[in-house]
Amino acid sequence: MRNKKRSDQDGNFSHKDSIRDRMERVCSIKNDSIHLKRRVGLYSGVALIVGTMIGSGIFVSPSGLLVRTGSIGLSLIVWTACGFISLLGALAYAELGTMNPSSGAEYVYFMDAFGSFAAYMFSWTSALILKPSQIAIICLSFAEYVVEYFTTGCEISDFSVKVISVITILTLLYINCYSVQLATSVQNIFTAGKLIAIGLIICGGTFELLSGSTKNLTGIFRNSTTSYGDIATAFYSGLWAYDGWNNLNYATEEIKNPSVNIPRAIFISIPLVTLCYVLINISYLTVMSPQEMISSEAVAVTFGKRVLGMMAWLMSFTVVISTFGSANGTVFAAGRLLFAAGREGHMLEVLSHVHIRSLTPTPGLIFTAIIAIIMVLSGTIHSLIDFFSFTAWIFYGGAMIALLVMRYTKPDIRRPYKVPIIIPILVLVVSLYLTIAPIIDKPQIEYLYTIFFLIIGVIFYVPFVKHQYTPAFIKPLSMYLQILLQVTPTDIPIHEIEIPI
């Protein structure tokens, strides 16, 4: 690893100044360097958020959330509260993203507010755990529904699920490496498809309600839990379904007019997703009792069998569309995080290189895909969700602290969009609750894994980042990968690049 950061008196980094200068730039100029181009517009930004958020969660989480809350009424409150929390968090991220338009989301915000070590710890945890596990969970959900679609009535083979998951990851890797246009086009198409499918579920539920199917919606607060730990883990299930609200910030350098389009995309997408989630849950309850929802491993499929009859296969198809689009958006964001971390010297430098033709962060995408495949082969969906949520909210809270710190340490920095200070404070309080309450009420081994992994990250930081020790094999390996993958650093002028035929 090579540490490339250069500090000025304010603790900023010189390459960020140039990024800020070209924040709204849409084309290259003479003697310009290789860079990520602004090709993501408002519609694509909305599709990236919506398409990533609406994945497997709404088809998997309702039963788990219902178990943890104990009642329909409390579960609907949690669903709505999760949407509100996601909106507040995304608005705070909008300020951070327009204040520093570098790609990488939490990574660059931690760098600005706390310095190198905090940014490294986030990149270490996110690159090796958070993003790959998120991709693994979504692709495993995708594969389960694909297998069920083709093997109705038969026992689902774990081997088949894992094989299809791996094939899905490799397909998404190809799409995102080939071009940004292809990745965003896939996102746009699958987002439109899943919204149409969700509309069918809501229409089916509305029809059942108008037909008098309301018996499951009476006494909705009966048996509500009073356990702080159960409520916190219920939020884990709900917030997992909403996760992805911050994905647009990972690609800030590729968004057209980000100071306008980031807040707009957030105000459009998150309320839309929240409304869809609440209405879908009500639709489920028109044909299933709470006990049936809890016992069903595929709530959407059960709903489809009772409402659509011979057309029940549409529900499995719905989940397939939804999860594939969600996985595509997650892969898109993950590659940008490694791009940012490699550029600062916190990961291998080659991970900050972009392809000379497609201008995509190919090495970062490949690295993330490899880790995700390992997780698919060694893990399960339910063992990863709580682990992911617990770890993620540690850093979401850290981002809120970063925003609050920079309000006082950098009051004069340009802020094209600014949120009321109460918003990051509220999200910080929620993040503290979500990380502390489960440990106190129901400690799990997954929480210990997170702490252990963070300690390992500290051990790696000292020699490889702080003291900039580089093993002898790293340089020739980086050169070989640069030639093999046809990638280049982003500080080389475009006219100096020789593109092989």
# chains A, B, ... in the order shown; residues from 1 in each chain; ligands from 1
call {"tool": "closest_atom_pairs", "arguments": {"of": "region 54-149 of chain A", "to": "region 330-354 of chain A", "cutoff": "12 Å", "atoms": "only C-alpha atoms", "output": "tab-separated table"}}
result
residue	atom	partner	partner_atom	distance
A:Ile54	CA	A:Thr330	CA	11.5
A:Gly55	CA	A:Thr330	CA	10.2
A:Pro101	CA	A:Ala340	CA	11.6
A:Ser102	CA	A:Ala340	CA	7.9
A:Ser103	CA	A:Arg336	CA	6.2
A:Gly104	CA	A:Leu337	CA	4.4
A:Ala105	CA	A:Leu337	CA	7.3
A:Glu106	CA	A:Leu337	CA	8.8
A:Tyr107	CA	A:Ala341	CA	7.2
A:Val108	CA	A:Ala340	CA	7.6
A:Tyr109	CA	A:Ala340	CA	11.3
A:Phe110	CA	A:Ala341	CA	11.4
A:Met111	CA	A:Glu344	CA	9.4
A:Gly115	CA	A:Glu344	CA	11.2
A:Ser116	CA	A:His346	CA	8.3
A:Phe117	CA	A:His346	CA	9.1
A:Ala118	CA	A:His346	CA	10.7
A:Ala119	CA	A:Ala341	CA	8.2
A:Tyr120	CA	A:His346	CA	5.7
A:Met121	CA	A:His346	CA	9.0
A:Phe122	CA	A:Ala341	CA	9.4
A:Ser123	CA	A:Ala341	CA	6.3
A:Trp124	CA	A:Met347	CA	8.0
A:Thr125	CA	A:Leu337	CA	11.3
A:Ser126	CA	A:Leu337	CA	8.3
A:Ala127	CA	A:Leu338	CA	6.6
A:Leu128	CA	A:Leu338	CA	10.0
A:Ile129	CA	A:Ala334	CA	11.0
A:Leu130	CA	A:Ala334	CA	9.3
A:Lys131	CA	A:Ala334	CA	5.9
A:Pro132	CA	A:Ala334	CA	8.0
A:Ser133	CA	A:Thr330	CA	10.4
A:Gln134	CA	A:Thr330	CA	7.5
A:Ile135	CA	A:Thr330	CA	6.4
A:Ala136	CA	A:Thr330	CA	10.2
A:Ile137	CA	A:Thr330	CA	11.0
A:Ile138	CA	A:Thr330	CA	9.1
A:Cys139	CA	A:Thr330	CA	10.6
call {"tool": "write_last_selection", "arguments": {"atoms": "N, CA, C and O atoms", "output": "short mmCIF file (atom, residue, chain, number, x, y, z; two decimals), in the first residue's frame"}}
result
data_model
loop_
_atom_site.label_atom_id
_atom_site.label_comp_id
_atom_site.auth_asym_id
_atom_site.auth_seq_id
_atom_site.Cartn_x
_atom_site.Cartn_y
_atom_site.Cartn_z
N ILE A 54 -35.17 -1.55 -2.61
CA ILE A 54 -36.20 -2.60 -2.80
C ILE A 54 -35.50 -3.82 -3.37
O ILE A 54 -35.34 -3.97 -4.58
N GLY A 55 -35.07 -4.68 -2.49
CA GLY A 55 -34.39 -5.90 -2.91
C GLY A 55 -35.12 -7.10 -2.36
O GLY A 55 -36.31 -7.29 -2.60
N PRO A 101 -17.64 16.32 -2.86
CA PRO A 101 -18.19 15.52 -3.96
C PRO A 101 -17.31 14.36 -4.41
O PRO A 101 -17.43 13.90 -5.54
N SER A 102 -16.41 13.90 -3.56
CA SER A 102 -15.60 12.73 -3.90
C SER A 102 -16.45 11.47 -3.72
O SER A 102 -17.30 11.39 -2.85
N SER A 103 -16.18 10.45 -4.56
CA SER A 103 -16.84 9.16 -4.39
C SER A 103 -16.29 8.47 -3.15
O SER A 103 -15.17 8.72 -2.73
N GLY A 104 -17.10 7.59 -2.55
CA GLY A 104 -16.62 6.83 -1.41
C GLY A 104 -17.47 6.96 -0.17
O GLY A 104 -17.28 6.24 0.81
N ALA A 105 -18.43 7.91 -0.15
CA ALA A 105 -19.38 8.08 0.96
C ALA A 105 -18.67 8.20 2.31
O ALA A 105 -17.82 9.07 2.48
N GLU A 106 -19.00 7.31 3.26
CA GLU A 106 -18.47 7.43 4.63
C GLU A 106 -16.95 7.55 4.65
O GLU A 106 -16.39 8.24 5.51
N TYR A 107 -16.30 6.89 3.73
CA TYR A 107 -14.84 6.90 3.72
C TYR A 107 -14.29 8.32 3.63
O TYR A 107 -13.43 8.72 4.44
N VAL A 108 -14.76 9.10 2.67
CA VAL A 108 -14.23 10.46 2.51
C VAL A 108 -14.71 11.38 3.63
O VAL A 108 -14.01 12.33 4.00
N TYR A 109 -15.90 11.12 4.19
CA TYR A 109 -16.39 11.97 5.27
C TYR A 109 -15.57 11.74 6.54
O TYR A 109 -15.26 12.69 7.28
N PHE A 110 -15.22 10.49 6.81
CA PHE A 110 -14.36 10.20 7.96
C PHE A 110 -12.98 10.80 7.76
O PHE A 110 -12.36 11.29 8.71
N MET A 111 -12.48 10.78 6.52
CA MET A 111 -11.18 11.37 6.23
C MET A 111 -11.20 12.87 6.53
O MET A 111 -10.28 13.41 7.14
N GLY A 115 -9.69 12.16 10.03
CA GLY A 115 -8.36 11.83 9.58
C GLY A 115 -8.21 10.42 9.04
O GLY A 115 -9.18 9.67 8.89
N SER A 116 -6.97 10.05 8.81
CA SER A 116 -6.64 8.82 8.09
C SER A 116 -7.11 7.56 8.79
O SER A 116 -7.65 6.65 8.15
N PHE A 117 -6.91 7.46 10.10
CA PHE A 117 -7.18 6.19 10.79
C PHE A 117 -8.66 5.81 10.73
O PHE A 117 -9.00 4.66 10.42
N ALA A 118 -9.55 6.76 11.01
CA ALA A 118 -10.98 6.47 10.98
C ALA A 118 -11.43 6.07 9.58
O ALA A 118 -12.24 5.14 9.41
N ALA A 119 -10.92 6.78 8.56
CA ALA A 119 -11.28 6.45 7.18
C ALA A 119 -10.80 5.05 6.82
O ALA A 119 -11.51 4.27 6.18
N TYR A 120 -9.58 4.73 7.26
CA TYR A 120 -9.04 3.39 6.99
C TYR A 120 -9.89 2.31 7.64
O TYR A 120 -10.20 1.28 7.02
N MET A 121 -10.30 2.52 8.89
CA MET A 121 -11.08 1.51 9.60
C MET A 121 -12.41 1.26 8.90
O MET A 121 -12.90 0.12 8.83
N PHE A 122 -13.01 2.33 8.37
CA PHE A 122 -14.25 2.13 7.63
C PHE A 122 -13.98 1.35 6.34
O PHE A 122 -14.72 0.42 6.02
N SER A 123 -12.97 1.76 5.59
CA SER A 123 -12.69 1.07 4.33
C SER A 123 -12.33 -0.39 4.57
O SER A 123 -12.74 -1.28 3.81
N TRP A 124 -11.59 -0.66 5.63
CA TRP A 124 -11.22 -2.03 5.98
C TRP A 124 -12.47 -2.88 6.25
O TRP A 124 -12.64 -3.96 5.68
N THR A 125 -13.36 -2.36 7.10
CA THR A 125 -14.55 -3.12 7.47
C THR A 125 -15.54 -3.21 6.32
O THR A 125 -16.12 -4.27 6.06
N SER A 126 -15.73 -2.11 5.62
CA SER A 126 -16.73 -2.10 4.56
C SER A 126 -16.28 -2.92 3.36
O SER A 126 -17.08 -3.67 2.78
N ALA A 127 -15.00 -2.79 2.99
CA ALA A 127 -14.52 -3.50 1.81
C ALA A 127 -14.46 -5.00 2.01
O ALA A 127 -14.70 -5.78 1.08
N LEU A 128 -14.16 -5.43 3.23
CA LEU A 128 -13.98 -6.85 3.49
C LEU A 128 -15.20 -7.51 4.14
O LEU A 128 -15.29 -8.75 4.14
N ILE A 129 -16.13 -6.71 4.68
CA ILE A 129 -17.31 -7.31 5.33
C ILE A 129 -18.62 -6.72 4.81
O ILE A 129 -19.47 -7.43 4.27
N LEU A 130 -18.82 -5.42 4.98
CA LEU A 130 -20.14 -4.84 4.77
C LEU A 130 -20.65 -5.01 3.34
O LEU A 130 -21.72 -5.60 3.12
N LYS A 131 -19.92 -4.48 2.37
CA LYS A 131 -20.39 -4.55 1.00
C LYS A 131 -20.43 -5.98 0.47
O LYS A 131 -21.43 -6.39 -0.14
N PRO A 132 -19.38 -6.79 0.66
CA PRO A 132 -19.46 -8.17 0.17
C PRO A 132 -20.59 -8.97 0.83
O PRO A 132 -21.27 -9.75 0.16
N SER A 133 -20.80 -8.78 2.15
CA SER A 133 -21.87 -9.53 2.81
C SER A 133 -23.24 -9.08 2.31
O SER A 133 -24.16 -9.88 2.15
N GLN A 134 -23.37 -7.78 2.03
CA GLN A 134 -24.62 -7.27 1.49
C GLN A 134 -24.91 -7.89 0.12
O GLN A 134 -26.04 -8.34 -0.15
N ILE A 135 -23.89 -7.94 -0.72
CA ILE A 135 -24.05 -8.57 -2.03
C ILE A 135 -24.37 -10.05 -1.89
O ILE A 135 -25.24 -10.59 -2.59
N ALA A 136 -23.68 -10.73 -0.96
CA ALA A 136 -23.90 -12.16 -0.75
C ALA A 136 -25.33 -12.43 -0.30
O ALA A 136 -25.99 -13.37 -0.80
N ILE A 137 -25.85 -11.64 0.64
CA ILE A 137 -27.22 -11.84 1.13
C ILE A 137 -28.22 -11.68 0.00
O ILE A 137 -29.13 -12.51 -0.19
N ILE A 138 -28.07 -10.62 -0.78
CA ILE A 138 -29.02 -10.35 -1.86
C ILE A 138 -28.96 -11.43 -2.93
O ILE A 138 -30.00 -11.91 -3.41
N CYS A 139 -27.75 -11.85 -3.30
CA CYS A 139 -27.61 -12.87 -4.35
C CYS A 139 -28.09 -14.24 -3.87
O CYS A 139 -28.64 -15.01 -4.66
#
call {"tool": "residues_around", "arguments": {"residues": "Ser185 (chain A)", "least_positions_apart": "4", "cutoff": "8 Å", "atoms": "only C-alpha atoms", "output": "PDB file with all heavy atoms, in the first residue's frame"}}
result
ATOM      1  N   SER A  44     -31.651   8.182 -13.089  1.00  0.00           N
ATOM      2  CA  SER A  44     -30.761   7.072 -12.756  1.00  0.00           C
ATOM      3  C   SER A  44     -30.408   7.086 -11.273  1.00  0.00           C
ATOM      4  O   SER A  44     -30.229   6.031 -10.656  1.00  0.00           O
ATOM      5  CB  SER A  44     -29.484   7.136 -13.607  1.00  0.00           C
ATOM      6  OG  SER A  44     -29.777   6.912 -14.971  1.00  0.00           O
ATOM      7  N   GLN A 181     -22.848   3.098 -18.359  1.00  0.00           N
ATOM      8  CA  GLN A 181     -24.137   3.193 -19.034  1.00  0.00           C
ATOM      9  C   GLN A 181     -24.905   1.887 -18.948  1.00  0.00           C
ATOM     10  O   GLN A 181     -26.120   1.879 -18.707  1.00  0.00           O
ATOM     11  CB  GLN A 181     -23.940   3.571 -20.510  1.00  0.00           C
ATOM     12  CG  GLN A 181     -23.495   5.004 -20.732  1.00  0.00           C
ATOM     13  CD  GLN A 181     -21.982   5.141 -20.793  1.00  0.00           C
ATOM     14  OE1 GLN A 181     -21.260   4.292 -20.255  1.00  0.00           O
ATOM     15  NE2 GLN A 181     -21.507   6.187 -21.439  1.00  0.00           N
ATOM     16  N   ILE A 189     -34.013  -0.285 -15.788  1.00  0.00           N
ATOM     17  CA  ILE A 189     -34.987  -1.257 -16.297  1.00  0.00           C
ATOM     18  C   ILE A 189     -35.552  -2.110 -15.170  1.00  0.00           C
ATOM     19  O   ILE A 189     -36.771  -2.297 -15.044  1.00  0.00           O
ATOM     20  CB  ILE A 189     -34.349  -2.142 -17.383  1.00  0.00           C
ATOM     21  CG1 ILE A 189     -34.024  -1.299 -18.621  1.00  0.00           C
ATOM     22  CG2 ILE A 189     -35.262  -3.303 -17.742  1.00  0.00           C
ATOM     23  CD1 ILE A 189     -33.174  -2.018 -19.648  1.00  0.00           C
TER      24      ILE A 189
END
call {"tool": "residues_around", "arguments": {"residues": "region 404-421 of chain A", "least_positions_apart": "5", "cutoff": "10 Å", "atoms": "only C-alpha atoms", "output": "PyMOL selection string"}}
result
chain A and resi 10-11+20+88+91-100+109+112-114+258-260+262-263+398-399+426+428
call {"tool": "write_last_selection", "arguments": {"atoms": "C-alpha atoms", "output": "mmCIF file, in the first residue's frame"}}
result
data_model
loop_
_atom_site.group_PDB
_atom_site.id
_atom_site.type_symbol
_atom_site.label_atom_id
_atom_site.label_comp_id
_atom_site.auth_asym_id
_atom_site.auth_seq_id
_atom_site.Cartn_x
_atom_site.Cartn_y
_atom_site.Cartn_z
ATOM 1 C CA ASP A 10 -7.107 22.628 7.125
ATOM 2 C CA GLY A 11 -6.633 18.876 7.050
ATOM 3 C CA ARG A 20 -14.552 20.306 -5.927
ATOM 4 C CA LEU A 88 -33.226 11.556 7.828
ATOM 5 C CA LEU A 91 -30.666 13.952 4.003
ATOM 6 C CA ALA A 92 -27.643 14.188 6.315
ATOM 7 C CA TYR A 93 -25.632 12.282 3.716
ATOM 8 C CA ALA A 94 -26.841 14.741 1.072
ATOM 9 C CA GLU A 95 -25.100 17.547 2.965
ATOM 10 C CA LEU A 96 -21.935 15.461 3.287
ATOM 11 C CA GLY A 97 -22.062 14.425 -0.369
ATOM 12 C CA THR A 98 -22.480 17.945 -1.744
ATOM 13 C CA MET A 99 -19.921 19.353 0.703
ATOM 14 C CA ASN A 100 -17.291 16.877 -0.506
ATOM 15 C CA TYR A 109 -16.392 11.971 5.271
ATOM 16 C CA ASP A 112 -12.354 14.983 6.338
ATOM 17 C CA ALA A 113 -13.652 14.912 9.911
ATOM 18 C CA PHE A 114 -11.372 12.489 11.771
ATOM 19 C CA PRO A 258 -24.826 16.555 -7.649
ATOM 20 C CA SER A 259 -25.680 19.559 -5.473
ATOM 21 C CA VAL A 260 -29.186 19.494 -6.972
ATOM 22 C CA ILE A 262 -28.618 14.170 -4.767
ATOM 23 C CA PRO A 263 -31.236 15.888 -2.524
ATOM 24 C CA GLY A 398 -19.957 7.762 12.776
ATOM 25 C CA ALA A 399 -21.021 9.660 9.646
ATOM 26 C CA LEU A 426 -31.604 12.173 15.816
ATOM 27 C CA LEU A 428 -26.952 9.456 15.840
#
call {"tool": "residues_around", "arguments": {"residues": "region 191-201 of chain A", "least_positions_apart": "6", "cutoff": "8 Å", "atoms": "only C-alpha atoms", "output": "list in words"}}
result
Ala47, Val50, Gly51, Cys276, Ile280, Ser283, Thr318, Ile321, Ser322 and Gly325 of chain A
call {"tool": "closest_residue", "arguments": {"among": "A:Ile356, A:Ala265, A:Val180, A:Ile445", "to": "Gln482 (chain A)", "atoms": "only C-alpha atoms"}}
result
A:Ile356
call {"tool": "closest_atom_pairs", "arguments": {"of": "region 210-298 of chain A", "to": "region 305-311 of chain A", "cutoff": "12 Å", "atoms": "only C-alpha atoms", "output": "Markdown table"}}
result
| residue | atom | partner | partner_atom | distance |
| --- | --- | --- | --- | --- |
| A:Ser213 | CA | A:Val307 | CA | 11.8 |
| A:Ser283 | CA | A:Val307 | CA | 10.2 |
| A:Tyr284 | CA | A:Val307 | CA | 9.9 |
| A:Leu285 | CA | A:Arg306 | CA | 11.7 |
| A:Thr286 | CA | A:Val307 | CA | 9.8 |
| A:Val287 | CA | A:Arg306 | CA | 7.0 |
| A:Met288 | CA | A:Arg306 | CA | 8.8 |
| A:Ala298 | CA | A:Lys305 | CA | 11.0 |
